[in-house]
Structures are given as C-alpha cells and as structure tokens.
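Engineer: Got a structure for you, target_36.tsv, holding TSV, C-alpha atoms and all ligand atoms.
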```tsv
chain	number	residue	atom	x	y	z
N	4	MET	CA	-41.00	-15.97	50.90
N	5	SER	CA	-37.33	-16.77	51.18
N	6	GLN	CA	-34.46	-15.96	48.84
N	7	ARG	CA	-31.16	-17.75	48.57
N	8	THR	CA	-28.23	-18.38	46.29
N	9	GLY	CA	-27.48	-21.66	44.57
N	10	VAL	CA	-25.72	-23.31	41.64
N	11	VAL	CA	-27.59	-24.79	38.67
N	12	LEU	CA	-26.74	-28.50	38.44
N	13	SER	CA	-28.90	-29.55	35.51
N	14	ARG	CA	-31.83	-28.67	33.33
N	15	THR	CA	-34.62	-30.87	32.03
N	16	GLY	CA	-36.91	-28.91	29.79
N	17	GLY	CA	-38.01	-25.91	31.83
N	18	ARG	CA	-37.00	-27.39	35.19
N	19	TYR	CA	-33.69	-26.64	36.84
N	20	ARG	CA	-32.02	-28.44	39.72
N	21	VAL	CA	-30.38	-25.88	41.98
N	22	PHE	CA	-27.90	-26.74	44.73
N	23	GLY	CA	-27.45	-24.53	47.76
N	24	ASP	CA	-26.81	-24.89	51.48
N	25	GLY	CA	-26.04	-28.58	51.05
N	26	HIS	CA	-29.23	-29.64	49.32
N	27	CYS	CA	-31.05	-29.53	45.99
N	28	LEU	CA	-34.31	-28.01	44.98
N	29	GLU	CA	-36.20	-27.80	41.74
N	30	ALA	CA	-36.95	-24.42	40.22
N	31	THR	CA	-38.51	-22.90	37.14
N	32	LEU	CA	-37.61	-19.62	35.50
N	33	ARG	CA	-39.29	-16.46	36.58
N	34	GLY	CA	-41.30	-14.97	33.73
N	35	ARG	CA	-38.96	-12.20	32.76
N	36	LEU	CA	-35.95	-14.56	32.58
N	37	LYS	CA	-37.83	-16.80	30.15
N	38	LYS	CA	-37.85	-14.21	27.40
N	39	GLY	CA	-35.13	-14.29	24.78
N	40	SER	CA	-32.44	-16.93	24.61
N	41	ARG	CA	-33.22	-20.45	25.65
N	42	ASN	CA	-29.73	-20.60	27.11
N	43	ARG	CA	-30.14	-17.73	29.49
N	44	VAL	CA	-29.55	-20.02	32.47
N	45	LEU	CA	-26.79	-22.64	32.15
N	46	VAL	CA	-25.39	-25.51	34.16
N	47	GLY	CA	-22.90	-23.92	36.56
N	48	ASP	CA	-24.70	-20.62	36.78
N	49	VAL	CA	-24.95	-19.04	40.22
N	50	VAL	CA	-28.54	-17.95	40.68
N	51	THR	CA	-30.83	-16.31	43.18
N	52	VAL	CA	-33.89	-18.45	43.85
N	53	GLN	CA	-37.05	-17.56	45.65
N	54	THR	CA	-39.50	-19.93	47.29
N	55	HIS	CA	-43.06	-18.68	47.20
N	56	PRO	CA	-45.86	-19.21	49.76
N	57	ASP	CA	-47.24	-22.07	47.62
N	58	ASN	CA	-43.75	-23.70	47.82
N	59	ALA	CA	-43.02	-23.16	44.12
N	60	THR	CA	-39.44	-22.03	43.57
N	61	THR	CA	-38.32	-19.69	40.81
N	62	ILE	CA	-34.95	-18.51	39.54
N	63	GLU	CA	-35.00	-14.77	39.96
N	64	ALA	CA	-31.58	-13.70	38.74
N	65	VAL	CA	-28.36	-15.04	37.22
N	66	HIS	CA	-25.13	-13.77	38.76
N	67	PRO	CA	-22.30	-12.54	36.50
N	68	ARG	CA	-20.25	-15.42	35.05
N	69	ARG	CA	-16.53	-15.76	35.54
N	70	SER	CA	-16.15	-18.15	32.61
N	71	LEU	CA	-18.17	-19.74	29.85
N	72	LEU	CA	-17.47	-22.90	27.84
N	73	LYS	CA	-18.96	-22.72	24.36
N	74	ARG	CA	-18.99	-24.96	21.36
N	75	ARG	CA	-20.28	-24.85	17.84
N	76	THR	CA	-23.74	-26.20	17.24
N	77	PRO	CA	-23.35	-29.79	16.01
N	78	GLY	CA	-24.03	-30.25	12.33
N	79	LYS	CA	-23.89	-26.58	11.50
N	80	SER	CA	-20.98	-24.39	10.58
N	81	ARG	CA	-22.47	-21.41	12.36
N	82	GLY	CA	-23.98	-20.87	15.74
N	83	VAL	CA	-22.27	-21.25	19.09
N	84	ARG	CA	-23.87	-23.08	21.96
N	85	PRO	CA	-22.85	-22.42	25.55
N	86	VAL	CA	-22.24	-25.63	27.52
N	87	ALA	CA	-21.49	-24.61	31.10
N	88	ALA	CA	-20.76	-21.49	33.13
N	89	ASN	CA	-18.23	-20.73	35.86
N	90	LEU	CA	-15.86	-23.61	35.20
N	91	ASP	CA	-12.39	-23.35	36.72
N	92	GLN	CA	-10.80	-26.04	34.62
N	93	VAL	CA	-11.25	-28.64	31.94
N	94	VAL	CA	-9.80	-32.04	32.79
N	95	VAL	CA	-8.97	-33.89	29.59
N	96	VAL	CA	-8.97	-37.64	30.18
N	97	GLY	CA	-7.39	-40.06	27.74
N	98	ALA	CA	-6.68	-43.78	28.03
N	99	ALA	CA	-3.23	-45.27	27.55
N	100	ARG	CA	-5.01	-48.14	25.79
N	101	GLN	CA	-8.60	-49.15	24.93
N	102	PRO	CA	-8.98	-46.82	23.16
N	103	ASP	CA	-5.34	-46.13	22.21
N	104	TRP	CA	-3.90	-42.81	23.29
N	105	ASP	CA	-4.46	-40.41	20.39
N	106	PRO	CA	-2.40	-37.22	20.79
N	107	TYR	CA	-4.32	-35.37	18.11
N	108	LEU	CA	-7.66	-36.09	19.76
N	109	ILE	CA	-6.32	-35.05	23.18
N	110	ASP	CA	-4.91	-31.85	21.69
N	111	ARG	CA	-8.27	-30.97	20.21
N	112	PHE	CA	-9.81	-31.13	23.67
N	113	THR	CA	-7.05	-29.06	25.28
N	114	ALA	CA	-7.27	-26.50	22.45
N	115	VAL	CA	-10.99	-26.00	22.92
N	116	ALA	CA	-10.47	-25.39	26.63
N	117	GLU	CA	-7.70	-22.89	25.86
N	118	ALA	CA	-9.88	-21.10	23.33
N	119	ASN	CA	-12.42	-20.62	26.12
N	120	ASP	CA	-9.71	-19.27	28.45
N	121	LEU	CA	-10.04	-22.20	30.83
N	122	SER	CA	-7.24	-23.95	32.71
N	123	VAL	CA	-6.35	-27.41	31.50
N	124	ALA	CA	-5.28	-30.57	33.30
N	125	VAL	CA	-4.52	-33.87	31.58
N	126	VAL	CA	-5.18	-37.38	32.89
N	127	VAL	CA	-3.55	-40.48	31.43
N	128	ASN	CA	-5.95	-43.20	32.59
N	129	LYS	CA	-5.86	-47.01	32.27
N	130	CYS	CA	-2.16	-47.04	33.19
N	131	ASP	CA	-2.72	-50.64	34.29
N	132	LEU	CA	-2.92	-51.62	30.62
N	133	VAL	CA	0.62	-50.52	29.69
N	134	ALA	CA	4.06	-51.23	31.11
N	135	ASP	CA	4.98	-47.55	31.24
N	136	CYS	CA	2.48	-44.71	30.88
N	137	SER	CA	4.95	-41.86	31.48
N	138	GLU	CA	5.57	-41.02	27.81
N	139	PHE	CA	1.91	-40.23	27.06
N	140	GLY	CA	1.82	-37.23	29.38
N	141	MET	CA	5.23	-35.76	28.53
N	142	PRO	CA	4.13	-33.22	25.88
N	143	TYR	CA	1.55	-31.84	28.31
N	144	GLN	CA	4.01	-31.49	31.15
N	145	ALA	CA	6.23	-29.60	28.71
N	146	ALA	CA	3.23	-27.39	27.91
N	147	GLY	CA	2.92	-26.55	31.60
N	148	TYR	CA	-0.24	-28.55	32.31
N	149	PRO	CA	-0.71	-30.62	35.44
N	150	VAL	CA	-0.59	-34.28	34.36
N	151	MET	CA	-1.98	-37.16	36.39
N	152	ARG	CA	-1.52	-40.86	35.66
N	153	THR	CA	-4.32	-43.04	36.95
N	154	SER	CA	-5.78	-46.51	37.00
N	155	VAL	CA	-9.26	-47.29	38.23
N	156	PRO	CA	-8.77	-51.05	38.96
N	157	GLU	CA	-5.39	-50.39	40.62
N	158	ARG	CA	-6.69	-47.29	42.41
N	159	SER	CA	-3.50	-45.45	41.50
N	160	GLY	CA	-3.02	-41.74	40.96
N	161	LEU	CA	-6.41	-41.01	42.48
N	162	GLU	CA	-5.15	-38.80	45.27
N	163	ASP	CA	-3.31	-36.58	42.77
N	164	LEU	CA	-6.50	-36.24	40.79
N	165	ARG	CA	-8.56	-35.53	43.88
N	166	ARG	CA	-6.19	-32.74	44.87
N	167	GLN	CA	-6.53	-31.26	41.39
N	168	LEU	CA	-10.33	-31.23	41.73
N	169	ASP	CA	-10.64	-30.04	45.31
N	170	GLY	CA	-12.45	-26.76	45.68
N	171	CYS	CA	-12.75	-26.33	41.88
N	172	VAL	CA	-15.49	-26.46	39.30
N	173	SER	CA	-14.15	-28.96	36.77
N	174	LEU	CA	-15.47	-30.34	33.51
N	175	PHE	CA	-14.29	-33.79	32.39
N	176	SER	CA	-13.86	-34.16	28.66
N	177	GLY	CA	-12.00	-36.56	26.42
N	178	PRO	CA	-12.50	-39.47	24.06
N	179	THR	CA	-15.34	-41.89	24.67
N	180	GLY	CA	-14.33	-44.89	26.75
N	181	ALA	CA	-11.32	-43.18	28.35
N	182	GLY	CA	-12.78	-43.70	31.82
N	183	LYS	CA	-14.07	-40.26	32.79
N	184	SER	CA	-17.20	-41.52	34.52
N	185	SER	CA	-15.31	-44.46	36.10
N	186	LEU	CA	-12.74	-42.10	37.63
N	187	LEU	CA	-15.41	-39.84	39.07
N	188	ASN	CA	-17.32	-42.81	40.46
N	189	VAL	CA	-14.30	-44.23	42.23
N	190	LEU	CA	-13.38	-40.82	43.66
N	191	GLN	CA	-16.92	-40.26	44.88
N	192	PRO	CA	-18.91	-43.52	45.01
N	193	GLY	CA	-22.25	-41.80	45.62
N	194	LEU	CA	-22.18	-40.36	42.10
N	195	ARG	CA	-23.15	-43.60	40.33
N	196	LEU	CA	-22.49	-42.27	36.86
N	197	ARG	CA	-23.19	-44.64	34.00
N	198	THR	CA	-20.07	-46.29	32.63
N	199	GLY	CA	-18.94	-48.79	30.07
N	200	GLU	CA	-21.23	-47.86	27.24
N	201	VAL	CA	-18.39	-47.43	24.83
N	202	SER	CA	-19.88	-49.09	21.79
N	203	GLU	CA	-23.29	-47.58	22.27
N	204	ARG	CA	-21.95	-44.13	22.87
N	205	SER	CA	-19.72	-44.13	19.83
N	206	GLN	CA	-22.70	-44.31	17.49
N	207	ALA	CA	-22.74	-40.90	15.83
N	208	GLY	CA	-25.42	-38.60	17.14
N	209	ARG	CA	-26.06	-40.55	20.30
N	210	HIS	CA	-24.21	-38.29	22.72
N	211	THR	CA	-24.94	-34.91	21.17
N	212	THR	CA	-28.32	-34.81	22.85
N	213	VAL	CA	-26.99	-35.59	26.32
N	214	ALA	CA	-26.83	-32.39	28.27
N	215	ALA	CA	-24.10	-31.44	30.69
N	216	GLU	CA	-24.87	-32.27	34.30
N	217	MET	CA	-23.01	-30.95	37.32
N	218	HIS	CA	-22.46	-32.73	40.64
N	219	PRO	CA	-21.26	-31.46	44.00
N	220	PHE	CA	-17.83	-33.02	44.51
N	221	GLY	CA	-15.62	-33.42	47.56
N	222	LYS	CA	-15.16	-30.36	49.66
N	223	ASP	CA	-16.56	-27.25	47.94
N	224	GLY	CA	-16.02	-28.65	44.45
N	225	PHE	CA	-18.22	-29.46	41.47
N	226	VAL	CA	-17.67	-31.75	38.51
N	227	VAL	CA	-19.35	-31.95	35.13
N	228	ASP	CA	-19.10	-35.32	33.39
N	229	THR	CA	-19.57	-35.09	29.64
N	230	PRO	CA	-20.13	-37.94	27.20
N	231	GLY	CA	-17.09	-38.48	24.98
N	232	LEU	CA	-17.55	-36.53	21.80
N	233	ARG	CA	-16.41	-38.24	18.67
N	234	ASP	CA	-16.18	-35.06	16.70
N	235	VAL	CA	-14.71	-32.24	18.74
N	236	GLY	CA	-13.81	-30.52	15.48
N	237	LEU	CA	-17.23	-28.95	15.84
N	238	TRP	CA	-16.06	-26.98	18.83
N	239	GLY	CA	-15.58	-23.45	17.59
N	240	LEU	CA	-12.01	-22.36	17.10
N	241	GLU	CA	-10.99	-19.45	14.92
N	242	PRO	CA	-7.73	-19.74	12.91
N	243	LEU	CA	-6.10	-16.93	14.87
N	244	GLU	CA	-6.84	-18.68	18.15
N	245	VAL	CA	-5.14	-21.93	17.24
N	246	ALA	CA	-1.51	-21.02	18.04
N	247	ALA	CA	-2.60	-19.38	21.30
N	248	ALA	CA	-4.19	-22.70	22.28
N	249	PHE	CA	-0.70	-24.24	22.47
N	250	PRO	CA	0.83	-22.36	25.41
N	251	GLU	CA	4.32	-23.85	25.03
N	252	PHE	CA	4.61	-22.23	21.57
N	253	GLY	CA	4.38	-18.83	23.25
N	254	ARG	CA	8.04	-18.23	23.88
N	255	PHE	CA	8.97	-19.07	20.27
N	256	VAL	CA	6.28	-17.40	18.13
N	257	GLY	CA	7.86	-13.95	18.40
N	258	GLN	CA	11.16	-15.34	17.10
N	259	CYS	CA	9.93	-16.55	13.72
N	260	ARG	CA	11.48	-14.78	10.71
N	261	PHE	CA	8.08	-13.60	9.48
N	262	ASP	CA	5.71	-11.69	11.74
N	263	ASN	CA	2.72	-13.47	10.22
N	264	CYS	CA	4.35	-16.91	10.35
N	265	ARG	CA	1.73	-19.64	10.59
N	266	HIS	CA	4.35	-22.23	11.60
N	267	LEU	CA	3.60	-24.41	8.59
N	268	GLU	CA	6.36	-24.47	5.96
N	269	GLU	CA	7.73	-20.94	6.38
N	270	PRO	CA	11.54	-20.59	6.43
N	271	GLY	CA	13.04	-19.43	9.73
N	272	CYS	CA	10.11	-20.68	11.80
N	273	ALA	CA	11.20	-20.74	15.45
N	274	VAL	CA	8.33	-23.03	16.48
N	275	ALA	CA	9.38	-25.67	13.93
N	276	GLY	CA	12.97	-25.18	15.10
N	277	ALA	CA	11.95	-25.76	18.71
N	278	ALA	CA	10.18	-28.97	17.69
N	279	GLU	CA	13.30	-30.16	15.86
N	280	GLN	CA	15.35	-29.53	18.98
N	281	GLY	CA	12.83	-31.30	21.17
N	282	SER	CA	11.79	-28.22	23.20
N	283	ILE	CA	8.28	-28.69	21.80
N	284	ALA	CA	6.78	-32.15	21.27
N	285	GLY	CA	6.56	-33.07	17.60
N	286	SER	CA	3.05	-34.43	18.17
N	287	ARG	CA	1.92	-31.02	19.44
N	288	LEU	CA	3.23	-29.19	16.36
N	289	GLU	CA	1.56	-31.78	14.17
N	290	SER	CA	-1.75	-31.33	16.03
N	291	TYR	CA	-1.43	-27.56	15.71
N	292	ARG	CA	-0.98	-27.83	11.94
N	293	LEU	CA	-3.96	-30.15	11.53
N	294	LEU	CA	-6.15	-27.94	13.73
N	295	LEU	CA	-5.11	-24.81	11.86
N	296	ARG	CA	-6.01	-26.41	8.56
N	297	GLU	CA	-9.35	-27.51	9.94
N	298	ALA	CA	-10.11	-24.13	11.51
N	299	THR	CA	-9.18	-22.32	8.30
N	300	ARG	CA	-11.47	-24.55	6.30
N	301	ALA	CA	-14.30	-24.05	8.80
N	302	ALA	CA	-13.78	-20.30	8.85
N	303	ARG	CA	-13.94	-19.83	5.10
N	304	PRO	CA	-17.73	-19.91	4.64
N	305	TRP	CA	-18.03	-17.42	7.46
N	306	ALA	CA	-15.53	-15.09	5.85
N	307	SER	CA	-17.19	-15.15	2.43
N	308	GLU	CA	-20.60	-14.60	3.96
N	309	ARG	CA	-19.40	-11.59	5.87
N	310	ARG	CA	-17.89	-10.04	2.76
N	311	ARG	CA	-21.12	-10.30	0.80
I	1	LIG	N1	-8.36	-51.37	32.56
I	1	LIG	C1	-9.00	-50.24	32.89
I	1	LIG	N2	-10.28	-50.06	32.49
I	1	LIG	C2	-10.89	-48.91	32.84
I	1	LIG	C3	-10.24	-47.91	33.60
I	1	LIG	N3	-11.10	-46.86	33.76
I	1	LIG	C4	-12.24	-47.22	33.15
I	1	LIG	N4	-12.14	-48.45	32.58
I	1	LIG	C5	-13.17	-49.15	31.79
I	1	LIG	O1	-13.33	-48.48	30.56
I	1	LIG	C6	-14.70	-48.52	30.10
I	1	LIG	C7	-15.20	-47.12	29.80
I	1	LIG	O2	-15.25	-46.36	31.01
I	1	LIG	P1	-16.20	-45.09	31.19
I	1	LIG	O3	-15.93	-44.56	32.55
I	1	LIG	O4	-17.60	-45.42	30.83
I	1	LIG	O5	-15.59	-44.12	30.07
I	1	LIG	P2	-16.06	-42.62	29.72
I	1	LIG	O6	-14.83	-41.83	29.43
I	1	LIG	O7	-16.95	-42.11	30.76
I	1	LIG	O8	-16.84	-42.86	28.35
I	1	LIG	P3	-18.05	-41.96	27.70
I	1	LIG	O9	-19.05	-41.68	28.78
I	1	LIG	O10	-18.56	-42.78	26.58
I	1	LIG	O11	-17.39	-40.72	27.19
I	1	LIG	C8	-15.47	-49.22	31.22
I	1	LIG	O12	-15.66	-50.54	30.85
I	1	LIG	C9	-14.56	-49.11	32.42
I	1	LIG	O13	-14.72	-50.17	33.34
I	1	LIG	C10	-8.88	-48.13	34.00
I	1	LIG	O14	-8.21	-47.32	34.66
I	1	LIG	N5	-8.31	-49.32	33.62
I	2	MG	MG	-18.93	-41.42	30.71
I	3	ZN	ZN	6.72	-19.87	12.86
```
Could you render the structure from this file as structure tokens?
Ligand SMILES: Nc1nc2c(ncn2[C@@H]2O[C@H](COP(=O)(O)OP(=O)(O)OP(=O)(O)O)[C@@H](O)[C@H]2O)c(=O)[nH]1
Ligand SMILES: [Mg+2]
Ligand SMILES: [Zn+2]
Structural biologist:
Amino acid sequence: MSQRTGVVLSRTGGRYRVFGDGHCLEATLRGRLKKGSRNRVLVGDVVTVQTHPDNATTIEAVHPRRSLLKRRTPGKSRGVRPVAANLDQVVVVGAARQPDWDPYLIDRFTAVAEANDLSVAVVVNKCDLVADCSEFGMPYQAAGYPVMRTSVPERSGLEDLRRQLDGCVSLFSGPTGAGKSSLLNVLQPGLRLRTGEVSERSQAGRHTTVAAEMHPFGKDGFVVDTPGLRDVGLWGLEPLEVAAAFPEFGRFVGQCRFDNCRHLEEPGCAVAGAAEQGSIAGSRLESYRLLLREATRAARPWASERRR
C-alpha cells in the first residue's frame, strides 16, 4: 500500500482524476469522505491518495484549502456551489471584437473573482481584429490589474500571458467566444481543448452542466478552462461586497460626504467625483452601479426570508 499527494484535475460521477509526480491516476472516495456534501472534494483540491493491494486507489484526505471559488446555483436565488479550490488567480478573457468588448460583462467576471478574494488578470484577445486594442484594457490597468493584449492568429502577447500563468493555478473565465480555449491551446498544444463552438455554447443551459476541469500547465502551473457563462449575474455577490470588488474605488470611498454612501446619486460622492476627473473609468462606475442594483434585487428575498 502506498500513499502520496496529488491534485484533483476532474470528476466524473464518483471518479476523480488525480495528478501527482508527473502522472495521473483515477481514484474513488474512501467511504468516510463520501458522507455528507457531494462537493466535499473539488477540482483543485490537494488530496492524499492510497493505492491498495488490488490496485484500487482511494482519496483518503483533503488538505486545507487556500482559496475557494464559489457561485450561486444556476436557476435558484439561494444555494452556493463551489467551483474550484486552491486557485491563485482568475484570468478574465474578453475579445476586442467577435464578440464586441463589453465592459459590463468583463466587470461582472472581475467582481466575482474579487468577491472570492482571488487575484485578477485581464486579457484583451483578438487584437488582430482592431486597429488599436490599447483602450479596452485601460480601466483595468488603472484598477491595478495586470493586462495582457493577445492575438491567437498573430501569436502576439503570448509570452506575457505565459509569464502570468507560470507557477500559478489559474482559472480562465470570460464571455463565450472570447478565445479562452484557443489561447490555452496555442500556449500548450498538447491540451487540445475544444474551440469555436460559439453558437452552440451560447444556447442557454448548454454550458451550465459542463464541469470545471484542470490541466497541468507549463512549469508547476495548472489552468482551469471554463465554458463562457452567459449569465454571470448568478454568481453570488452580496450588496456590501460590490464596492470592495472595484479595488480602484478604495482610495476614494472614505472621502464621500456620507459614511454610508452607495456611490449612486448621493451629493459629495468622492467616487463619482473621481470618475468625473478621470481617475476612475466611467465604465467601471457604471458597472458598479448596475451590479449593486442587481445584487440588491437578488438579496431582497434572502433578507425577507431571514426576518420571518
Ligand atoms: N481573429 C481571432 N480569432 C480568434 C482568436 N482567438 C480565438 N479566436 C476564434 O474565436 C472563436 C472562439 O474561440 P474559443 O477559444 O472557442 O473561445 P472560448 O472563449 O473558449 O469560448 P467558450 O468555450 O464558448 O467560452 C474560435 O473560432 C477561434 O478560432 C484571436 O486572437 N483572433
Ligand atoms: Mg472554450
Ligand atoms: Zn460615494
């Protein structure tokens, strides 16, 4: 009987693929881990596995997690579903064109990562389709995020992206068709992720059943490719978390006239002032306001239920 440590790459039903010492093996859960939550073992979890004399391998223990990405259960206002454990960063990929760069959509993805206390990096992909892709990333540079500008057919910006991924556990998220899988494939050809299923994928409900899958990447890194989610509004975000999900607001929020300023229409709002002066991108303030409205609406049924 031999024990070793590995990382969970994927799960199909009750079978887990575990990566350790440079290769994969398939494992099932040891009896006592099976009890309770179905999500006791997640993609990204570091686990102890044991191979038995009959060659069956079981997951014996889950090591403490250093991070956890969660989202709301699709179609329900309550219930939070963990997606992946031990991520270092979320890489939000958008396309300059096809589909058009949508700041609000990008900001929803960055906000969800922030709400889960994960680092954020932003990729402006398909730069070959526009004359100048610099403007798209500006608000994110101002927010302090690393921004990379890439093109798959032109093979540009790929080294910057590779450096950002090296040695990290990264999850790729972003609108469907932005080129997440294409970028990962060109950085690591052996991956052979499926690409180009834009129209099929954008049918509602199609992608919600596709589970996260992790891949060893480069030197000591891992990547999780996710299908583009059309409705990231389902990702849980409480109203109070929304402003904190916009890091560049941080130095202004304490300067608003009212302590409980929500940065909507209040007089003396320092965040709105900063946007007027151009210290904060107008698109980011707009996204914040839309997200706050959405989060408040989503939070209401919870609040009234709790009071009952
Ligand atoms: N012109 C151009 N096309 C690209 C680029 N990157 C990807 N594409 C194309 O865009 C389409 C979508 O690419 P995917 O990699 O499947 O996009 P995705 O983000 O993984 O999409 P989902 O898996 O649906 O979320 C494919 O037809 C790619 O060939 C790029 O840099 N420039
Ligand atoms: Mg894809
Ligand atoms: Zn304010």
Engineer: Using all atoms listed in the file, which protein or nucleic acid residues come within 7 Å of Ala146 in chain N? Drop anything in the same chain fewer than 2 positions from it, and give the result as a ChimeraX atom specification.
Structural biologist: /N:142-144,148,250-251
Engineer: How close does each residue of chain N get to ligand ZN 3 (chain I), giving the shortest atom pair and distance in Å to one decimal for every residue with an atom at most 12 Å away, counting all atoms listed in the file, sorted by chain and residue number, as CSV?
Structural biologist:
```
residue,atom,partner,partner_atom,distance
N:Ala246,CA,I:ZN3,ZN,9.8
N:Phe252,CA,I:ZN3,ZN,9.3
N:Gly253,CA,I:ZN3,ZN,10.7
N:Arg254,CA,I:ZN3,ZN,11.2
N:Phe255,CA,I:ZN3,ZN,7.8
N:Val256,CA,I:ZN3,ZN,5.8
N:Gly257,CA,I:ZN3,ZN,8.2
N:Gln258,CA,I:ZN3,ZN,7.6
N:Cys259,CA,I:ZN3,ZN,4.7
N:Arg260,CA,I:ZN3,ZN,7.3
N:Phe261,CA,I:ZN3,ZN,7.3
N:Asp262,CA,I:ZN3,ZN,8.3
N:Asn263,CA,I:ZN3,ZN,8.0
N:Cys264,CA,I:ZN3,ZN,4.5
N:Arg265,CA,I:ZN3,ZN,5.5
N:His266,CA,I:ZN3,ZN,3.6
N:Leu267,CA,I:ZN3,ZN,7.0
N:Glu268,CA,I:ZN3,ZN,8.3
N:Glu269,CA,I:ZN3,ZN,6.6
N:Pro270,CA,I:ZN3,ZN,8.1
N:Gly271,CA,I:ZN3,ZN,7.1
N:Cys272,CA,I:ZN3,ZN,3.6
N:Ala273,CA,I:ZN3,ZN,5.2
N:Val274,CA,I:ZN3,ZN,5.1
N:Ala275,CA,I:ZN3,ZN,6.5
N:Gly276,CA,I:ZN3,ZN,8.5
N:Ala277,CA,I:ZN3,ZN,9.8
N:Ala278,CA,I:ZN3,ZN,10.9
N:Leu288,CA,I:ZN3,ZN,10.5
N:Tyr291,CA,I:ZN3,ZN,11.6
N:Arg292,CA,I:ZN3,ZN,11.1
```
Engineer: Given a cut-off of 9 Å, what residues near ligand MG 2 (chain I) show up using all atoms listed in the file, put as a list in words?
Structural biologist: Thr179, Gly180, Ala181, Gly182, Lys183, Ser184, Ser185, Leu196, Arg197, Thr198, Gly199, Glu200, Val201, Arg204, Asp228, Thr229, Pro230 and Gly231 of chain N
Engineer: List the spatial neighbours of Ala87 in chain N as a ChimeraX atom specification - criterion: any atom at most 8 Å away, only C-alpha atoms, same-chain residues fewer than 2 positions off excluded.
Structural biologist: /N:45-48,71-73,85,89-90,215
Engineer: Using only C-alpha atoms and all ligand atoms, pick whichever of N:Asn119, N:Thr54, N:Thr15, N:Ser154 has the shortest atom-to-atom distance to ligand LIG 1 (chain I).
Structural biologist: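 Nearest candidate to ligand LIG 1 (chain I) out of N:Asn119, N:Thr54, N:Thr15, N:Ser154: N:Ser154.
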Engineer: Mind pulling up the distance from CA of Arg74 in chain N to CA of Val96 in chain N?
Structural biologist: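 Between these atoms lies a distance of 18.4 Å.
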